[in-house]
file structure_16.pdb (PDB, C-alpha atoms and all ligand atoms)
ATOM      1  CA  MET B  20      91.282 110.569 113.671
ATOM      2  CA  ARG B  21      93.461 112.926 115.755
ATOM      3  CA  GLU B  22      92.739 116.669 115.539
ATOM      4  CA  PHE B  23      94.983 119.735 115.963
ATOM      5  CA  MET B  24      94.652 123.528 115.656
ATOM      6  CA  ASN B  25      91.219 123.536 117.306
ATOM      7  CA  GLY B  26      89.982 120.843 114.944
ATOM      8  CA  ARG B  27      91.085 122.552 111.708
ATOM      9  CA  ILE B  28      93.653 119.821 111.018
ATOM     10  CA  GLY B  29      92.855 116.095 111.161
ATOM     11  CA  ILE B  30      95.302 113.202 110.773
ATOM     12  CA  THR B  31      93.956 109.784 109.892
ATOM     13  CA  GLN B  32      94.860 106.530 108.176
ATOM     14  CA  GLY B  33      92.821 105.378 105.201
ATOM     15  CA  ASP B  34      92.023 105.557 101.512
ATOM     16  CA  ILE B  35      91.721 109.141 100.286
ATOM     17  CA  THR B  36      89.314 108.089  97.515
ATOM     18  CA  ALA B  37      86.712 107.459 100.220
ATOM     19  CA  CYS B  38      86.955 110.948 101.729
ATOM     20  CA  ASN B  39      83.740 112.995 101.682
ATOM     21  CA  VAL B  40      85.313 116.450 101.385
ATOM     22  CA  ASP B  41      85.143 119.402  98.985
ATOM     23  CA  ALA B  42      88.454 118.353  97.401
ATOM     24  CA  ILE B  43      90.980 115.564  97.632
ATOM     25  CA  VAL B  44      94.513 116.308  96.477
ATOM     26  CA  ASN B  45      96.125 113.996  93.925
ATOM     27  CA  ALA B  46      99.872 113.327  93.928
ATOM     28  CA  ALA B  47     100.117 113.438  90.140
ATOM     29  CA  ASN B  48     102.941 113.649  87.602
ATOM     30  CA  ARG B  49     103.621 116.520  85.202
ATOM     31  CA  SER B  50     101.429 115.037  82.470
ATOM     32  CA  LEU B  51      98.379 115.031  84.805
ATOM     33  CA  LEU B  52      97.240 111.998  82.792
ATOM     34  CA  GLY B  53      97.225 109.427  85.598
ATOM     35  CA  GLY B  54      99.703 106.904  86.928
ATOM     36  CA  GLY B  55     100.043 104.468  89.806
ATOM     37  CA  GLY B  56      99.822 104.950  93.567
ATOM     38  CA  VAL B  57      97.245 107.423  94.804
ATOM     39  CA  ASP B  58      97.012 108.899  91.261
ATOM     40  CA  GLY B  59      95.929 105.513  89.948
ATOM     41  CA  ALA B  60      93.472 104.977  92.798
ATOM     42  CA  ILE B  61      91.861 108.386  92.286
ATOM     43  CA  HIS B  62      91.431 107.884  88.528
ATOM     44  CA  ARG B  63      90.074 104.372  89.059
ATOM     45  CA  VAL B  64      87.349 105.570  91.429
ATOM     46  CA  ALA B  65      86.590 108.870  89.649
ATOM     47  CA  GLY B  66      86.133 107.134  86.295
ATOM     48  CA  PRO B  67      87.150 108.056  82.746
ATOM     49  CA  GLU B  68      85.607 111.519  82.791
ATOM     50  CA  LEU B  69      88.382 112.622  85.164
ATOM     51  CA  LEU B  70      91.041 111.758  82.593
ATOM     52  CA  GLU B  71      88.998 113.518  79.914
ATOM     53  CA  GLU B  72      89.034 116.725  81.949
ATOM     54  CA  CYS B  73      92.712 116.270  82.836
ATOM     55  CA  ARG B  74      93.525 116.183  79.140
ATOM     56  CA  THR B  75      92.298 119.794  78.904
ATOM     57  CA  LEU B  76      94.677 121.023  81.607
ATOM     58  CA  GLY B  77      97.884 120.921  79.576
ATOM     59  CA  GLY B  78      99.962 119.328  82.317
ATOM     60  CA  ALA B  79     101.595 121.087  85.269
ATOM     61  CA  GLU B  80     105.042 121.959  86.589
ATOM     62  CA  THR B  81     106.403 120.550  89.848
ATOM     63  CA  GLY B  82     104.820 122.436  92.750
ATOM     64  CA  GLU B  83     101.827 123.621  90.707
ATOM     65  CA  ALA B  84      98.191 122.692  91.473
ATOM     66  CA  LYS B  85      95.203 122.472  89.113
ATOM     67  CA  ILE B  86      91.569 121.621  89.920
ATOM     68  CA  THR B  87      89.031 119.365  88.245
ATOM     69  CA  ARG B  88      85.650 117.947  89.200
ATOM     70  CA  GLY B  89      85.544 114.718  91.242
ATOM     71  CA  TYR B  90      83.047 112.765  89.067
ATOM     72  CA  GLN B  91      82.371 109.330  90.681
ATOM     73  CA  LEU B  92      84.431 110.217  93.774
ATOM     74  CA  MET B  93      82.700 111.293  97.013
ATOM     75  CA  ALA B  94      84.862 114.429  96.852
ATOM     76  CA  ARG B  95      83.383 117.214  94.744
ATOM     77  CA  HIS B  96      86.764 118.150  93.284
ATOM     78  CA  VAL B  97      90.270 116.799  92.751
ATOM     79  CA  ILE B  98      93.217 119.177  93.087
ATOM     80  CA  HIS B  99      96.096 117.716  91.078
ATOM     81  CA  THR B 100      99.553 118.716  92.249
ATOM     82  CA  VAL B 101     102.966 117.519  91.103
ATOM     83  CA  GLY B 102     105.379 116.699  93.897
ATOM     84  CA  PRO B 103     109.162 116.871  93.568
ATOM     85  CA  VAL B 104     111.135 113.689  92.901
ATOM     86  CA  TRP B 105     113.632 113.211  95.768
ATOM     87  CA  HIS B 106     117.267 113.501  94.585
ATOM     88  CA  GLY B 107     118.905 113.800  98.000
ATOM     89  CA  GLY B 108     117.596 117.198  99.018
ATOM     90  CA  ASP B 109     119.894 119.587  97.156
ATOM     91  CA  ARG B 110     117.578 120.331  94.234
ATOM     92  CA  ASP B 111     115.077 122.539  96.041
ATOM     93  CA  GLU B 112     112.876 119.517  96.832
ATOM     94  CA  GLU B 113     111.802 120.875 100.215
ATOM     95  CA  ARG B 114     110.619 124.221  98.762
ATOM     96  CA  LEU B 115     108.838 122.495  95.893
ATOM     97  CA  LEU B 116     107.029 120.146  98.279
ATOM     98  CA  ALA B 117     105.873 123.115 100.367
ATOM     99  CA  ASP B 118     104.665 124.738  97.119
ATOM    100  CA  CYS B 119     102.455 121.689  96.461
ATOM    101  CA  TYR B 120     100.642 122.123  99.768
ATOM    102  CA  ARG B 121     100.444 125.924  99.569
ATOM    103  CA  ASN B 122      99.305 126.060  95.934
ATOM    104  CA  SER B 123      96.730 123.301  96.488
ATOM    105  CA  LEU B 124      95.181 125.258  99.360
ATOM    106  CA  ASP B 125      95.360 128.503  97.351
ATOM    107  CA  VAL B 126      93.336 126.796  94.579
ATOM    108  CA  ALA B 127      90.860 125.542  97.184
ATOM    109  CA  VAL B 128      90.430 129.072  98.589
ATOM    110  CA  GLU B 129      90.011 130.500  95.063
ATOM    111  CA  HIS B 130      87.121 128.067  94.535
ATOM    112  CA  GLY B 131      85.522 128.717  97.921
ATOM    113  CA  LEU B 132      86.187 125.167  99.144
ATOM    114  CA  ARG B 133      86.112 124.514 102.889
ATOM    115  CA  SER B 134      87.465 120.989 103.356
ATOM    116  CA  VAL B 135      90.555 119.456 101.709
ATOM    117  CA  ALA B 136      92.225 116.052 102.124
ATOM    118  CA  PHE B 137      95.907 115.483 101.314
ATOM    119  CA  PRO B 138      97.813 112.254 100.732
ATOM    120  CA  SER B 139     101.483 112.228 101.709
ATOM    121  CA  ILE B 140     102.752 113.844  98.509
ATOM    122  CA  SER B 141     106.037 112.613  96.979
ATOM    123  CA  THR B 142     106.685 110.012  99.718
ATOM    124  CA  GLY B 143     105.818 107.000  97.529
ATOM    125  CA  ALA B 144     107.200 106.529  94.026
ATOM    126  CA  TYR B 145     108.950 109.919  94.214
ATOM    127  CA  GLY B 146     111.030 108.770  97.177
ATOM    128  CA  PHE B 147     110.812 111.813  99.451
ATOM    129  CA  PRO B 148     111.669 110.571 102.983
ATOM    130  CA  ILE B 149     108.499 110.622 105.093
ATOM    131  CA  ASN B 150     110.389 111.995 108.122
ATOM    132  CA  ARG B 151     111.339 115.077 106.111
ATOM    133  CA  ALA B 152     108.110 115.400 104.155
ATOM    134  CA  ALA B 153     105.693 115.282 107.110
ATOM    135  CA  PRO B 154     107.016 118.394 108.914
ATOM    136  CA  ILE B 155     107.058 120.331 105.618
ATOM    137  CA  ALA B 156     103.434 119.345 104.954
ATOM    138  CA  LEU B 157     102.267 120.146 108.499
ATOM    139  CA  ARG B 158     104.171 123.452 108.758
ATOM    140  CA  THR B 159     102.993 124.704 105.361
ATOM    141  CA  VAL B 160      99.337 123.855 106.006
ATOM    142  CA  LYS B 161      99.522 125.426 109.472
ATOM    143  CA  GLU B 162     100.899 128.655 107.979
ATOM    144  CA  VAL B 163      98.166 128.813 105.324
ATOM    145  CA  LEU B 164      95.387 128.097 107.838
ATOM    146  CA  GLU B 165      96.708 130.775 110.202
ATOM    147  CA  GLY B 166      96.495 133.280 107.378
ATOM    148  CA  ASP B 167      93.107 132.274 105.975
ATOM    149  CA  ALA B 168      89.820 131.527 107.687
ATOM    150  CA  GLY B 169      88.254 130.238 104.454
ATOM    151  CA  ILE B 170      89.453 126.678 104.802
ATOM    152  CA  GLU B 171      87.678 125.034 107.739
ATOM    153  CA  LYS B 172      89.332 121.604 107.701
ATOM    154  CA  VAL B 173      92.425 119.969 106.244
ATOM    155  CA  PHE B 174      92.863 116.203 106.530
ATOM    156  CA  PHE B 175      96.141 114.322 106.166
ATOM    157  CA  VAL B 176      95.085 110.861 104.980
ATOM    158  CA  CYS B 177      97.966 108.447 105.531
ATOM    159  CA  PHE B 178      97.833 105.166 103.665
ATOM    160  CA  SER B 179     100.041 103.262 106.108
ATOM    161  CA  GLU B 180     100.108 103.024 109.884
ATOM    162  CA  ASN B 181     103.770 104.002 109.828
ATOM    163  CA  ASP B 182     103.094 107.198 107.878
ATOM    164  CA  GLN B 183     100.284 108.103 110.254
ATOM    165  CA  ARG B 184     102.614 107.630 113.220
ATOM    166  CA  VAL B 185     105.201 109.950 111.669
ATOM    167  CA  TYR B 186     102.574 112.623 111.015
ATOM    168  CA  LEU B 187     101.148 112.315 114.523
ATOM    169  CA  ASP B 188     104.589 112.527 116.158
ATOM    170  CA  ARG B 189     105.542 115.634 114.197
ATOM    171  CA  ALA B 190     102.099 117.241 114.583
ATOM    172  CA  GLY B 191     102.489 117.058 118.351
ATOM    173  CA  GLU B 192     105.745 119.044 118.077
ATOM    174  CA  LEU B 193     104.692 121.523 115.396
ATOM    175  CA  LEU B 194     101.001 122.141 116.043
ATOM    176  CA  GLY B 195     100.808 122.055 119.817
ATOM    177  CA  ASP B 196      97.342 121.195 121.235
TER     178      ASP B 196
HETATM  179  N1  LIG B 201      94.904 106.919  99.672
HETATM  180  C1  LIG B 201      95.804 107.663 100.361
HETATM  181  N2  LIG B 201      97.131 107.588 100.155
HETATM  182  C2  LIG B 201      97.555 106.720  99.217
HETATM  183  C3  LIG B 201      96.678 105.906  98.450
HETATM  184  C4  LIG B 201      95.307 106.035  98.723
HETATM  185  N3  LIG B 201      94.382 105.319  98.056
HETATM  186  N4  LIG B 201      97.434 105.138  97.599
HETATM  187  C5  LIG B 201      98.718 105.451  97.837
HETATM  188  N5  LIG B 201      98.798 106.390  98.807
HETATM  189  C6  LIG B 201      99.966 107.024  99.395
HETATM  190  C7  LIG B 201     101.285 106.290  99.305
HETATM  191  O1  LIG B 201     101.344 105.257 100.278
HETATM  192  C8  LIG B 201     102.233 107.428  99.607
HETATM  193  O2  LIG B 201     102.297 107.622 101.012
HETATM  194  O3  LIG B 201     100.203 108.236  98.698
HETATM  195  C9  LIG B 201     101.525 108.655  98.989
HETATM  196  C10 LIG B 201     102.159 109.156  97.702
HETATM  197  O4  LIG B 201     102.668 108.042  96.972
HETATM  198  P1  LIG B 201     102.493 107.950  95.373
HETATM  199  O5  LIG B 201     101.086 107.723  95.037
HETATM  200  O6  LIG B 201     103.516 106.962  94.886
HETATM  201  O7  LIG B 201     102.867 109.422  94.866
HETATM  202  P2  LIG B 201     104.291 110.149  94.743
HETATM  203  O8  LIG B 201     105.319 109.573  95.632
HETATM  204  O9  LIG B 201     103.961 111.616  94.834
HETATM  205  O10 LIG B 201     104.723 109.789  93.254
HETATM  206  C11 LIG B 201     103.964 110.336  92.212
HETATM  207  O11 LIG B 201     103.596 108.215  91.187
HETATM  208  O12 LIG B 201     101.533 107.329  90.795
HETATM  209  C12 LIG B 201     102.560 108.028  90.215
HETATM  210  O13 LIG B 201     101.455 109.368  88.557
HETATM  211  C13 LIG B 201     102.129 109.402  89.807
HETATM  212  O14 LIG B 201     104.146 109.735  88.581
HETATM  213  C14 LIG B 201     103.461 110.092  89.768
HETATM  214  C15 LIG B 201     104.177 109.498  90.979
END
call {"tool": "encode", "arguments": {"input": "structure_16.pdb", "output": "structure tokens", "more": "lines below"}}
Ligand code: APR
result
Amino acid sequence: MREFMNGRIGITQGDITACNVDAIVNAANRSLLGGGGVDGAIHRVAGPELLEECRTLGGAETGEAKITRGYQLMARHVIHTVGPVWHGGDRDEERLLADCYRNSLDVAVEHGLRSVAFPSISTGAYGFPINRAAPIALRTVKEVLEGDAGIEKVFFVCFSENDQRVYLDRAGELLGD
């Protein structure tokens, strides 16, 4: 675990379903009814009650974030957000990805949550290049944390060593300390 912003941001490699935080963020699709990747892992660990609650949400648009309970997960809540599918970068993908991070943290603040863990949204099945996604994620979270003392800790939980290295390299540039 490497920390930045006086410990308010942590970057680590691991399985987000094992994170003991107030909320883990799910890289979902617009149906919010599960899928593969981290979405599949989260539903597998949370159990069927998560899908039952997701059915009541009525889906979500790209960039939106909606909260549920965490059920069998260590995390108390899951914040489901829908990342943009990468089409080359000229369809507002970068703004929509930033919206995912900002709206997820806004939902966390609305619910008085203090610790949130993010996967690397859109960089798997949705094809967003990790080298472009990581700085967007880091910059957006930094901006939200600078404007709000409510959130004490945000973790970036990278599934692969390579992703973690990209996040760490860019964090050094963007977050200082
Ligand atoms: N913990 C942390 N990160 C994970 C885990 C896990 N258990 N499993 C996968 N990841 C990582 C991937 O390695 C990738 O870096 O999550 C990141 C996002 O990849 P995807 O899960 O493929 O999500 P995304 O690219 O946003 O595509 C979303 O895939 O699973 C479907 O229903 C989902 O349709 C939606 C699409």
call {"tool": "residues_near_ligand", "arguments": {"input": "structure_16.pdb", "ligand": "ligand LIG 201 (chain B)", "cutoff": "6 Å", "atoms": "all atoms listed in the file", "output": "list of chain:residue names"}}
result
B:Asp34, B:Ile35, B:Thr36, B:Ala46, B:Ala47, B:Asn48, B:Gly53, B:Gly54, B:Gly55, B:Gly56, B:Val57, B:Asp58, B:Gly59, B:Ala60, B:Gly102, B:Pro138, B:Ser139, B:Ile140, B:Ser141, B:Thr142, B:Gly143, B:Ala144, B:Tyr145, B:Gly146, B:Val176, B:Cys177, B:Phe178
call {"tool": "closest_residue", "arguments": {"input": "structure_16.pdb", "among": "B:Tyr90, B:Ile155, B:Leu52, B:Val163", "to": "Arg121 in chain B", "atoms": "only C-alpha atoms"}}
result
B:Val163
call {"tool": "resolve_selection", "arguments": {"input": "structure_16.pdb", "expression": "the PyMOL selection byres (((chain B and resi 130) around 12) and not hetatm)", "output": "JSON, numbers by chain"}}
result
{"B": [41, 42, 85, 86, 87, 88, 95, 96, 97, 98, 123, 124, 125, 126, 127, 128, 129, 131, 132, 133, 134, 135, 169, 170]}
call {"tool": "write_last_selection", "arguments": {"input": "structure_16.pdb", "atoms": "C-alpha atoms", "output": "mmCIF file, keeping the file's coordinate frame"}}
result
data_model
loop_
_atom_site.group_PDB
_atom_site.id
_atom_site.type_symbol
_atom_site.label_atom_id
_atom_site.label_comp_id
_atom_site.auth_asym_id
_atom_site.auth_seq_id
_atom_site.Cartn_x
_atom_site.Cartn_y
_atom_site.Cartn_z
ATOM 1 C CA ASP B 41 85.143 119.402 98.985
ATOM 2 C CA ALA B 42 88.454 118.353 97.401
ATOM 3 C CA LYS B 85 95.203 122.472 89.113
ATOM 4 C CA ILE B 86 91.569 121.621 89.920
ATOM 5 C CA THR B 87 89.031 119.365 88.245
ATOM 6 C CA ARG B 88 85.650 117.947 89.200
ATOM 7 C CA ARG B 95 83.383 117.214 94.744
ATOM 8 C CA HIS B 96 86.764 118.150 93.284
ATOM 9 C CA VAL B 97 90.270 116.799 92.751
ATOM 10 C CA ILE B 98 93.217 119.177 93.087
ATOM 11 C CA SER B 123 96.730 123.301 96.488
ATOM 12 C CA LEU B 124 95.181 125.258 99.360
ATOM 13 C CA ASP B 125 95.360 128.503 97.351
ATOM 14 C CA VAL B 126 93.336 126.796 94.579
ATOM 15 C CA ALA B 127 90.860 125.542 97.184
ATOM 16 C CA VAL B 128 90.430 129.072 98.589
ATOM 17 C CA GLU B 129 90.011 130.500 95.063
ATOM 18 C CA GLY B 131 85.522 128.717 97.921
ATOM 19 C CA LEU B 132 86.187 125.167 99.144
ATOM 20 C CA ARG B 133 86.112 124.514 102.889
ATOM 21 C CA SER B 134 87.465 120.989 103.356
ATOM 22 C CA VAL B 135 90.555 119.456 101.709
ATOM 23 C CA GLY B 169 88.254 130.238 104.454
ATOM 24 C CA ILE B 170 89.453 126.678 104.802
#
call {"tool": "resolve_selection", "arguments": {"input": "structure_16.pdb", "expression": "the PyMOL selection byres (((chain B and resi 26) around 10) and not hetatm)", "output": "ChimeraX atom specification"}}
result
/B:21-25,27-29,171-173,196
call {"tool": "closest_residue", "arguments": {"input": "structure_16.pdb", "among": "B:Asn150, B:Thr159, B:Asn39, B:Asn45", "to": "Asp182 in chain B", "atoms": "all atoms listed in the file"}}
result
B:Asn150
call {"tool": "atom_distance", "arguments": {"input": "structure_16.pdb", "atom1": "CA of Asp109 in chain B", "atom2": "CA of Ala79 in chain B"}}
result
21.9 Å
call {"tool": "closest_residue", "arguments": {"input": "structure_16.pdb", "among": "B:Gln183, B:His62, B:Tyr120, B:Arg151", "to": "Leu164 in chain B", "atoms": "only C-alpha atoms"}}
result
B:Tyr120
call {"tool": "closest_residue", "arguments": {"input": "structure_16.pdb", "among": "B:Gly33, B:Pro103, B:Pro154, B:Gly89", "to": "Ile61 in chain B", "atoms": "all atoms listed in the file"}}
result
B:Gly89
call {"tool": "closest_residue", "arguments": {"input": "structure_16.pdb", "among": "B:Arg184, B:Arg63, B:His106, B:Arg49", "to": "Gly82 in chain B", "atoms": "only C-alpha atoms"}}
result
B:Arg49
call {"tool": "closest_residue", "arguments": {"input": "structure_16.pdb", "among": "B:Ala190, B:Val64, B:Ile149, B:Leu76", "to": "Trp105 in chain B", "atoms": "all atoms listed in the file"}}
result
B:Ile149
call {"tool": "resolve_selection", "arguments": {"input": "structure_16.pdb", "expression": "the PyMOL selection byres (((chain B and resi 115) around 10) and not hetatm)", "output": "list in words"}}
result
Thr81, Gly82, Glu83, Val101, Gly102, Pro103, Val104, Arg110, Asp111, Glu112, Glu113, Arg114, Leu116, Ala117, Asp118, Cys119, Tyr120 and Arg121 of chain B
call {"tool": "atom_distance", "arguments": {"input": "structure_16.pdb", "atom1": "CA of Ile43 in chain B", "atom2": "CA of Leu193 in chain B"}}
result
23.2 Å
call {"tool": "axis_aligned_box", "arguments": {"input": "structure_16.pdb", "around": "range 68-80 of chain B", "padding_each_side": "8 Å", "output": "lines of an AutoDock Vina configuration file"}}
result
center_x = 95.3
center_y = 116.7
center_z = 82.7
size_x = 35.4
size_y = 26.4
size_z = 23.7
call {"tool": "atom_distance", "arguments": {"input": "structure_16.pdb", "atom1": "CA of Leu187 in chain B", "atom2": "CA of Ala156 in chain B"}}
result
12.1 Å
